[in-house]
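**Q** So that you have it, the file is data.pdb, and it contains PDB, C-alpha atoms:
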ATOM      1  CA  MET P   1       0.000   0.000   0.000
ATOM      2  CA  ALA P   2       1.555   3.306  -1.068
ATOM      3  CA  GLY P   3       1.854   5.966   1.603
ATOM      4  CA  ILE P   4       1.348   9.667   1.153
ATOM      5  CA  TRP P   5       5.119  10.157   1.455
ATOM      6  CA  GLU P   6       5.689   7.903  -1.520
ATOM      7  CA  THR P   7       2.981   9.489  -3.632
ATOM      8  CA  TYR P   8       4.093  13.001  -2.793
ATOM      9  CA  PRO P   9       7.816  12.951  -2.056
ATOM     10  CA  ASN P  10       8.033  16.695  -1.369
ATOM     11  CA  ALA P  11       5.427  16.470   1.347
ATOM     12  CA  LEU P  12       7.970  16.602   4.129
ATOM     13  CA  SER P  13       9.716  19.643   2.789
ATOM     14  CA  LEU P  14       7.384  22.302   4.191
ATOM     15  CA  LYS P  15       9.669  24.916   5.677
ATOM     16  CA  HIS P  16       7.126  26.424   8.026
ATOM     17  CA  LYS P  17       4.656  25.106  10.536
ATOM     18  CA  LEU P  18       1.317  25.805   8.868
ATOM     19  CA  ARG P  19      -2.042  26.028  10.532
ATOM     20  CA  ALA P  20      -5.323  25.222   8.809
ATOM     21  CA  LEU P  21      -9.003  25.366   9.630
ATOM     22  CA  VAL P  22     -11.478  22.906   8.109
ATOM     23  CA  VAL P  23     -15.025  24.271   8.092
ATOM     24  CA  ASN P  24     -17.361  21.395   7.344
ATOM     25  CA  ASP P  25     -20.351  19.930   9.151
ATOM     26  CA  SER P  26     -19.667  16.405   7.951
ATOM     27  CA  LYS P  27     -17.618  14.446  10.477
ATOM     28  CA  PHE P  28     -16.666  12.123   7.667
ATOM     29  CA  GLU P  29     -15.210  14.878   5.507
ATOM     30  CA  GLN P  30     -13.510  16.489   8.511
ATOM     31  CA  VAL P  31     -11.668  13.231   9.237
ATOM     32  CA  LEU P  32     -10.532  12.915   5.630
ATOM     33  CA  LEU P  33      -9.167  16.430   5.371
ATOM     34  CA  VAL P  34      -7.541  16.379   8.801
ATOM     35  CA  ALA P  35      -5.832  13.091   7.923
ATOM     36  CA  VAL P  36      -4.326  14.523   4.750
ATOM     37  CA  LEU P  37      -3.229  17.791   6.383
ATOM     38  CA  SER P  38      -1.837  16.272   9.554
ATOM     39  CA  ARG P  39       0.295  13.852   7.531
ATOM     40  CA  VAL P  40       2.323  16.789   6.290
ATOM     41  CA  GLY P  41       2.559  18.353   9.709
ATOM     42  CA  VAL P  42      -0.141  20.975   9.257
ATOM     43  CA  GLU P  43      -1.796  21.777  12.557
ATOM     44  CA  THR P  44      -5.497  21.528  11.782
ATOM     45  CA  LEU P  45      -8.513  22.875  13.607
ATOM     46  CA  VAL P  46     -12.073  21.926  12.787
ATOM     47  CA  ALA P  47     -15.263  23.989  12.826
ATOM     48  CA  ASP P  48     -18.693  22.458  12.261
ATOM     49  CA  ASN P  49     -20.242  25.677  11.014
ATOM     50  CA  GLU P  50     -19.816  29.385  10.414
ATOM     51  CA  LYS P  51     -20.333  30.264  14.081
ATOM     52  CA  GLU P  52     -17.500  28.017  15.211
ATOM     53  CA  ALA P  53     -15.250  29.281  12.427
ATOM     54  CA  LEU P  54     -15.822  32.863  13.526
ATOM     55  CA  GLU P  55     -15.074  31.875  17.130
ATOM     56  CA  VAL P  56     -11.695  30.482  16.072
ATOM     57  CA  ILE P  57     -10.838  33.829  14.484
ATOM     58  CA  GLN P  58     -12.168  35.807  17.449
ATOM     59  CA  GLU P  59      -9.891  33.784  19.724
ATOM     60  CA  GLY P  60      -6.989  35.245  17.766
ATOM     61  CA  VAL P  61      -5.848  32.057  16.062
ATOM     62  CA  ILE P  62      -3.628  32.871  13.115
ATOM     63  CA  LEU P  63      -4.351  30.641  10.136
ATOM     64  CA  ASP P  64      -2.569  30.013   6.867
ATOM     65  CA  LEU P  65      -5.353  28.084   5.170
ATOM     66  CA  ILE P  66      -9.108  27.696   5.499
ATOM     67  CA  ILE P  67     -10.931  24.898   3.689
ATOM     68  CA  MET P  68     -14.556  25.887   3.496
ATOM     69  CA  ASP P  69     -17.376  23.565   2.483
ATOM     70  CA  ARG P  70     -20.163  25.170   0.489
ATOM     71  CA  GLU P  71     -23.051  23.040   1.695
ATOM     72  CA  MET P  72     -23.564  22.906   5.433
ATOM     73  CA  HIS P  73     -26.733  22.120   7.384
ATOM     74  CA  ASP P  74     -26.337  25.409   9.139
ATOM     75  CA  LEU P  75     -28.496  28.308   8.025
ATOM     76  CA  ASP P  76     -25.401  30.018   6.707
ATOM     77  CA  ASP P  77     -23.476  28.273   3.991
ATOM     78  CA  GLY P  78     -19.778  28.329   3.189
ATOM     79  CA  ILE P  79     -20.092  31.279   0.862
ATOM     80  CA  HIS P  80     -21.694  33.410   3.547
ATOM     81  CA  ALA P  81     -19.042  32.288   6.030
ATOM     82  CA  THR P  82     -16.257  33.181   3.581
ATOM     83  CA  ARG P  83     -17.692  36.654   3.150
ATOM     84  CA  LYS P  84     -17.880  37.121   6.927
ATOM     85  CA  LEU P  85     -14.329  35.925   7.479
ATOM     86  CA  ARG P  86     -12.999  38.351   4.882
ATOM     87  CA  ALA P  87     -15.024  41.159   6.440
ATOM     88  CA  MET P  88     -13.303  40.349   9.733
ATOM     89  CA  GLY P  89      -9.958  40.879   8.041
ATOM     90  CA  VAL P  90      -8.929  37.255   7.701
ATOM     91  CA  THR P  91      -6.064  37.066   5.220
ATOM     92  CA  ALA P  92      -5.532  33.295   5.184
ATOM     93  CA  LYS P  93      -5.912  31.521   1.875
ATOM     94  CA  ILE P  94      -9.500  30.321   1.623
ATOM     95  CA  ILE P  95     -10.344  27.335  -0.549
ATOM     96  CA  GLY P  96     -14.015  26.777  -1.239
ATOM     97  CA  ILE P  97     -15.084  23.201  -1.854
ATOM     98  CA  SER P  98     -18.304  21.811  -3.216
ATOM     99  CA  THR P  99     -19.793  18.814  -4.949
ATOM    100  CA  GLU P 100     -20.794  20.985  -7.871
ATOM    101  CA  ASP P 101     -18.493  21.185 -10.829
ATOM    102  CA  MET P 102     -20.075  24.452 -11.878
ATOM    103  CA  ARG P 103     -18.672  27.795 -12.897
ATOM    104  CA  GLU P 104     -21.534  29.414 -10.983
ATOM    105  CA  ALA P 105     -20.488  27.803  -7.694
ATOM    106  CA  GLU P 106     -16.894  28.789  -8.304
ATOM    107  CA  LEU P 107     -17.821  32.399  -9.026
ATOM    108  CA  GLU P 108     -19.959  32.609  -5.902
ATOM    109  CA  PHE P 109     -17.025  31.507  -3.797
ATOM    110  CA  LEU P 110     -14.524  33.761  -5.537
ATOM    111  CA  ASN P 111     -16.854  36.749  -5.262
ATOM    112  CA  ALA P 112     -17.221  36.065  -1.553
ATOM    113  CA  GLY P 113     -13.458  36.294  -1.133
ATOM    114  CA  ALA P 114     -12.199  32.746  -1.608
ATOM    115  CA  ASP P 115      -8.870  32.353  -3.364
ATOM    116  CA  GLU P 116      -9.600  29.071  -5.009
ATOM    117  CA  TYR P 117     -12.393  26.621  -5.654
ATOM    118  CA  LEU P 118     -12.125  22.837  -5.689
ATOM    119  CA  THR P 119     -14.675  20.204  -6.559
ATOM    120  CA  LYS P 120     -15.052  17.147  -4.337
ATOM    121  CA  PRO P 121     -13.303  14.834  -3.993
ATOM    122  CA  VAL P 122     -10.401  17.019  -2.951
ATOM    123  CA  LYS P 123      -7.280  15.381  -4.323
ATOM    124  CA  LYS P 124      -4.444  15.241  -1.872
ATOM    125  CA  GLU P 125      -1.900  16.122  -4.575
ATOM    126  CA  LYS P 126      -3.777  19.356  -5.202
ATOM    127  CA  LEU P 127      -3.889  20.097  -1.499
ATOM    128  CA  MET P 128      -0.164  19.461  -1.227
ATOM    129  CA  SER P 129       0.621  21.881  -4.025
ATOM    130  CA  ILE P 130      -1.514  24.551  -2.337
ATOM    131  CA  LEU P 131       0.334  24.002   0.942
ATOM    132  CA  GLU P 132       3.685  24.260  -0.783
ATOM    133  CA  GLU P 133       2.595  27.487  -2.440
ATOM    134  CA  ILE P 134       1.588  28.953   0.941
ATOM    135  CA  ASP P 135       4.811  27.703   2.492
ATOM    136  CA  ASN P 136       6.896  29.361  -0.217
ATOM    137  CA  LYS P 137       5.143  32.687   0.213
ATOM    138  CA  ILE P 138       5.828  32.966   3.958
TER     139      ILE P 138
ATOM    140  CA  MET K   1      -0.141 -19.573   5.141
ATOM    141  CA  ALA K   2      -3.612 -18.537   6.298
ATOM    142  CA  ALA K   3      -2.542 -14.891   6.243
ATOM    143  CA  VAL K   4      -1.339 -15.272   2.654
ATOM    144  CA  ALA K   5      -4.688 -16.760   1.659
ATOM    145  CA  LEU K   6      -6.537 -13.943   3.385
ATOM    146  CA  LYS K   7      -4.402 -11.347   1.610
ATOM    147  CA  GLU K   8      -5.152 -12.994  -1.730
ATOM    148  CA  GLN K   9      -8.842 -13.025  -0.892
ATOM    149  CA  LEU K  10      -8.696  -9.338   0.009
ATOM    150  CA  ALA K  11      -6.814  -8.431  -3.160
ATOM    151  CA  SER K  12      -9.329 -10.317  -5.269
ATOM    152  CA  LEU K  13     -12.256  -8.648  -3.493
ATOM    153  CA  MET K  14     -10.728  -5.204  -4.033
ATOM    154  CA  ASP K  15     -10.105  -5.936  -7.716
ATOM    155  CA  SER K  16     -13.714  -6.959  -8.191
ATOM    156  CA  MET K  17     -14.940  -3.818  -6.389
ATOM    157  CA  TYR K  18     -12.927  -1.568  -8.702
ATOM    158  CA  GLN K  19     -13.978  -3.545 -11.773
ATOM    159  CA  GLU K  20     -17.633  -3.362 -10.796
ATOM    160  CA  GLY K  21     -17.332   0.394 -10.346
ATOM    161  CA  LEU K  22     -18.221   0.218  -6.675
ATOM    162  CA  LEU K  23     -15.018   2.107  -5.870
ATOM    163  CA  ASP K  24     -12.756   4.467  -7.766
ATOM    164  CA  GLU K  25      -9.237   5.827  -7.307
ATOM    165  CA  GLN K  26     -10.354   8.120  -4.486
ATOM    166  CA  PHE K  27     -10.676   5.078  -2.245
ATOM    167  CA  GLN K  28      -7.041   4.233  -2.973
ATOM    168  CA  GLN K  29      -6.139   7.690  -1.712
ATOM    169  CA  LEU K  30      -7.890   6.878   1.550
ATOM    170  CA  GLN K  31      -6.081   3.569   1.821
ATOM    171  CA  SER K  32      -2.795   5.344   1.317
ATOM    172  CA  LEU K  33      -3.481   7.362   4.479
ATOM    173  CA  GLN K  34      -3.601   4.233   6.627
ATOM    174  CA  ASP K  35      -0.348   3.205   8.269
ATOM    175  CA  GLU K  36       1.072   1.991  11.619
ATOM    176  CA  THR K  37       0.280   5.332  13.273
ATOM    177  CA  ASN K  38      -3.320   5.131  12.078
ATOM    178  CA  PRO K  39      -4.073   1.426  11.476
ATOM    179  CA  CYS K  40      -7.858   1.810  11.629
ATOM    180  CA  PHE K  41      -8.162   4.825   9.369
ATOM    181  CA  VAL K  42     -10.045   3.086   6.549
ATOM    182  CA  MET K  43     -12.424   1.470   9.009
ATOM    183  CA  GLU K  44     -13.066   4.817  10.695
ATOM    184  CA  VAL K  45     -13.741   6.554   7.403
ATOM    185  CA  VAL K  46     -15.967   3.777   6.068
ATOM    186  CA  THR K  47     -17.965   3.740   9.316
ATOM    187  CA  LEU K  48     -18.429   7.509   9.211
ATOM    188  CA  PHE K  49     -19.463   7.348   5.560
ATOM    189  CA  CYS K  50     -22.048   4.630   6.294
ATOM    190  CA  ASP K  51     -23.393   6.517   9.341
ATOM    191  CA  ASP K  52     -23.725   9.632   7.224
ATOM    192  CA  ALA K  53     -25.427   7.791   4.347
ATOM    193  CA  GLU K  54     -27.900   6.070   6.663
ATOM    194  CA  ARG K  55     -28.752   9.347   8.392
ATOM    195  CA  ILE K  56     -29.473  10.848   4.963
ATOM    196  CA  PHE K  57     -31.637   7.862   3.946
ATOM    197  CA  GLY K  58     -33.589   8.263   7.197
ATOM    198  CA  GLU K  59     -34.228  11.931   6.420
ATOM    199  CA  LEU K  60     -35.195  11.154   2.823
ATOM    200  CA  ASP K  61     -37.653   8.469   3.934
ATOM    201  CA  LYS K  62     -39.306  10.992   6.254
ATOM    202  CA  ILE K  63     -39.582  13.597   3.481
ATOM    203  CA  MET K  64     -40.890  11.110   0.928
ATOM    204  CA  ASN K  65     -43.602   9.995   3.341
ATOM    205  CA  GLN K  66     -45.002  13.506   3.728
ATOM    206  CA  PRO K  67     -48.269  14.265   1.897
ATOM    207  CA  VAL K  68     -46.483  17.063   0.048
ATOM    208  CA  VAL K  69     -42.909  16.249  -0.874
ATOM    209  CA  GLU K  70     -40.402  19.079  -0.464
ATOM    210  CA  PHE K  71     -38.303  18.325  -3.525
ATOM    211  CA  GLN K  72     -35.773  21.033  -2.649
ATOM    212  CA  GLN K  73     -35.028  19.268   0.622
ATOM    213  CA  VAL K  74     -34.694  15.970  -1.205
ATOM    214  CA  ASP K  75     -32.228  17.603  -3.558
ATOM    215  CA  ALA K  76     -30.192  19.015  -0.667
ATOM    216  CA  TYR K  77     -29.837  15.601   0.970
ATOM    217  CA  ILE K  78     -28.966  13.834  -2.265
ATOM    218  CA  HIS K  79     -26.425  16.551  -2.908
ATOM    219  CA  GLN K  80     -24.801  15.775   0.458
ATOM    220  CA  LEU K  81     -24.733  12.068  -0.293
ATOM    221  CA  LYS K  82     -23.219  12.732  -3.681
ATOM    222  CA  GLY K  83     -20.472  14.745  -1.983
ATOM    223  CA  SER K  84     -19.614  12.119   0.609
ATOM    224  CA  SER K  85     -19.790   9.293  -1.962
ATOM    225  CA  SER K  86     -17.428  11.209  -4.137
ATOM    226  CA  SER K  87     -15.038  11.825  -1.224
ATOM    227  CA  VAL K  88     -14.943   8.160  -0.210
ATOM    228  CA  GLY K  89     -14.688   6.936  -3.802
ATOM    229  CA  ALA K  90     -18.082   5.207  -3.864
ATOM    230  CA  GLN K  91     -18.457   5.568  -7.595
ATOM    231  CA  ASN K  92     -21.737   3.752  -8.255
ATOM    232  CA  VAL K  93     -23.476   5.442  -5.320
ATOM    233  CA  LYS K  94     -22.283   8.804  -6.633
ATOM    234  CA  LEU K  95     -23.562   7.990 -10.145
ATOM    235  CA  ALA K  96     -26.930   6.893  -8.731
ATOM    236  CA  CYS K  97     -27.128  10.227  -6.867
ATOM    237  CA  ILE K  98     -26.470  12.109 -10.097
ATOM    238  CA  GLN K  99     -29.294  10.150 -11.780
ATOM    239  CA  PHE K 100     -31.538  10.880  -8.805
ATOM    240  CA  ARG K 101     -30.919  14.608  -9.145
ATOM    241  CA  HIS K 102     -31.923  14.430 -12.821
ATOM    242  CA  SER K 103     -35.166  12.680 -11.871
ATOM    243  CA  LEU K 104     -35.914  15.510  -9.441
ATOM    244  CA  GLU K 105     -36.332  17.899 -12.326
ATOM    245  CA  ASP K 106     -39.847  16.514 -12.912
ATOM    246  CA  ASN K 107     -40.903  16.866  -9.247
ATOM    247  CA  ASP K 108     -42.498  13.451  -9.523
ATOM    248  CA  ARG K 109     -42.885  11.434  -6.318
ATOM    249  CA  GLU K 110     -42.966   8.016  -7.983
ATOM    250  CA  GLY K 111     -39.921   8.796 -10.088
ATOM    251  CA  CYS K 112     -38.093   9.988  -6.972
ATOM    252  CA  LEU K 113     -38.987   6.841  -5.059
ATOM    253  CA  ARG K 114     -37.652   4.691  -7.875
ATOM    254  CA  ALA K 115     -34.446   6.719  -8.032
ATOM    255  CA  LEU K 116     -34.095   6.574  -4.242
ATOM    256  CA  ASN K 117     -34.400   2.803  -4.339
ATOM    257  CA  VAL K 118     -31.599   2.625  -6.892
ATOM    258  CA  VAL K 119     -29.348   4.741  -4.646
ATOM    259  CA  LYS K 120     -30.197   2.589  -1.624
ATOM    260  CA  ARG K 121     -29.556  -0.607  -3.553
ATOM    261  CA  GLU K 122     -26.160   0.622  -4.711
ATOM    262  CA  TYR K 123     -25.307   1.742  -1.204
ATOM    263  CA  LEU K 124     -26.339  -1.565   0.419
ATOM    264  CA  HIS K 125     -24.364  -3.520  -2.156
ATOM    265  CA  LEU K 126     -21.291  -1.398  -1.457
ATOM    266  CA  ARG K 127     -21.736  -1.593   2.314
ATOM    267  CA  SER K 128     -21.899  -5.373   2.221
ATOM    268  CA  LYS K 129     -18.638  -5.556   0.226
ATOM    269  CA  LEU K 130     -16.964  -2.976   2.467
ATOM    270  CA  GLU K 131     -17.940  -4.991   5.540
ATOM    271  CA  THR K 132     -16.309  -8.087   4.037
ATOM    272  CA  MET K 133     -13.240  -6.031   3.186
ATOM    273  CA  LEU K 134     -12.943  -4.696   6.739
ATOM    274  CA  GLN K 135     -13.372  -8.167   8.249
ATOM    275  CA  LEU K 136     -10.593  -9.500   6.041
ATOM    276  CA  GLU K 137      -8.342  -6.566   6.950
ATOM    277  CA  GLN K 138      -8.955  -7.169  10.650
ATOM    278  CA  ARG K 139      -8.095 -10.836  10.338
ATOM    279  CA  ILE K 140      -4.919 -10.022   8.421
ATOM    280  CA  GLN K 141      -3.911  -7.453  11.048
ATOM    281  CA  ALA K 142      -4.550 -10.015  13.798
ATOM    282  CA  TYR K 143      -2.276 -12.534  12.034
ATOM    283  CA  ASP K 144       0.409  -9.897  11.568
ATOM    284  CA  LYS K 145       0.236  -8.986  15.271
ATOM    285  CA  GLN K 146       0.605 -12.662  16.268
ATOM    286  CA  LYS K 147       3.617 -12.960  14.001
ATOM    287  CA  ASN K 148       5.324  -9.971  15.617
TER     288      ASN K 148
END
Please render this file's structure as structure tokens.

**A**
Amino acid sequence: MAGIWETYPNALSLKHKLRALVVNDSKFEQVLLVAVLSRVGVETLVADNEKEALEVIQEGVILDLIIMDREMHDLDDGIHATRKLRAMGVTAKIIGISTEDMREAELEFLNAGADEYLTKPVKKEKLMSILEEIDNKI
Amino acid sequence: MAAVALKEQLASLMDSMYQEGLLDEQFQQLQSLQDETNPCFVMEVVTLFCDDAERIFGELDKIMNQPVVEFQQVDAYIHQLKGSSSSVGAQNVKLACIQFRHSLEDNDREGCLRALNVVKREYLHLRSKLETMLQLEQRIQAYDKQKN
């Protein structure tokens, strides 16, 4: 069975300790994303909804990356949450994710302040390249 | 010897699951995240996926039994299931969800019920195979532990 280190040999080369927040109300998807991020040493926090995500920011946690799901059971969806986070001055890279492979969904996220949009399933190689990009910019 | 036979059985089961379209390459990504530090990762993820799917089926059954079906709600739940199926690599379940969403365009209860049954059937078929896979993995791990 190939490990993530074999499939992505540069994974260990992150120069900085990165911190990410996964905003997703699905326990299942939280576990998946945390597993991928923690394998490359990214400290990962989890928020079930917009309210919890805002609390993380209000506590003064500095983040490098936020992975925001579009569809949550909460009244406010990921696009609304992205807009709120940007309004609070959050500068972390925000990646919007959704099941929809639609330009409309992507535009909604980008207009709300997300930096990038990915369709599920989120490929770990893509996530790794985003982390490397963040790491290189610090 | 028994461990070798179990490993062959597991490999053959996995091959048939990929060939049948029950799983796609996303599931291999999940498997690649399992190692000595996290030996139960696949089991944890599969259990969470099944819990999630069954919660969604429960909600859909409730909605479909209402005198007036809220098709928007049905769509939202199927959308969620499509997302989690896609994330776990449950290809046929995901495809059945896509078909279901097409059938929602007519707002037809009978059509929705038929489509829901297809999704459930695909899910139950996958779950049964995943259960066998997990049992085999557990037995292999137990043999490996004995050996060490």

**Q** Between atom CA of P:Glu52 and atom CA of K:Gln72, what is the spacing in Å?

**A**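 Calculated distance between atom CA of K:Gln72 and atom CA of P:Glu52 is 26.5 Å.
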
**Q** Within 9 Å of K:Ile78, counting only C-alpha atoms, which residues show up once you throw out same-chain ones fewer than 3 positions away? Write them as a PyMOL selection string, please.

**A** chain K and resi 56+60+73-75+81-83+97-98+100-101

**Q** Which chain P residues are at most 8 Å from chain K (counting all atoms listed in the file), as an MDAnalysis selection string?

**A** chainID P and resid 1:4 26:29 31:32 35:36 71 98:99 120:124

**Q** Give the centre and edge lengths of an axis-aligned box, in Å to one decimal, that holds all listed atoms of stretch 116-129 of chain P with 8 Å on each side, as lines of an AutoDock Vina configuration file.

**A**
center_x = -7.2
center_y = 22.0
center_z = -3.9
size_x = 31.7
size_y = 30.2
size_z = 21.3

**Q** Restricting the calculation to only C-alpha atoms, which member of K:Gly21, K:Gly58, K:Gly111, K:Pro67 is positioned closest to K:Leu95?

**A** K:Gly21

**Q** Evaluate the PyMOL selection byres ((chain K and resi 144) around 12) here and jot the selected residues down as a PyMOL selection string.

**A** chain K and resi 1-4+6-7+36+137-143+145-148

**Q** Kindly give the distance, in Å, that separates atom CA of P:Met102 and atom CA of P:Ala81, rounded to a single decimal.

**A** 19.6 Å

**Q** What separation in Å, quoted to one decimal, exists between atom CA of K:Ser16 and atom CA of K:Thr37?

**A**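 Calculated distance between atom CA of K:Ser16 and atom CA of K:Thr37 is 28.4 Å.
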
**Q** In terms of the shortest atom-to-atom distance over all atoms listed in the file, which of P:Glu59, P:Asp64, P:Asp77, P:Asp115 is closest to P:Ile134?

**A**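 Nearest candidate to P:Ile134 out of P:Glu59, P:Asp64, P:Asp77, P:Asp115: P:Asp64.
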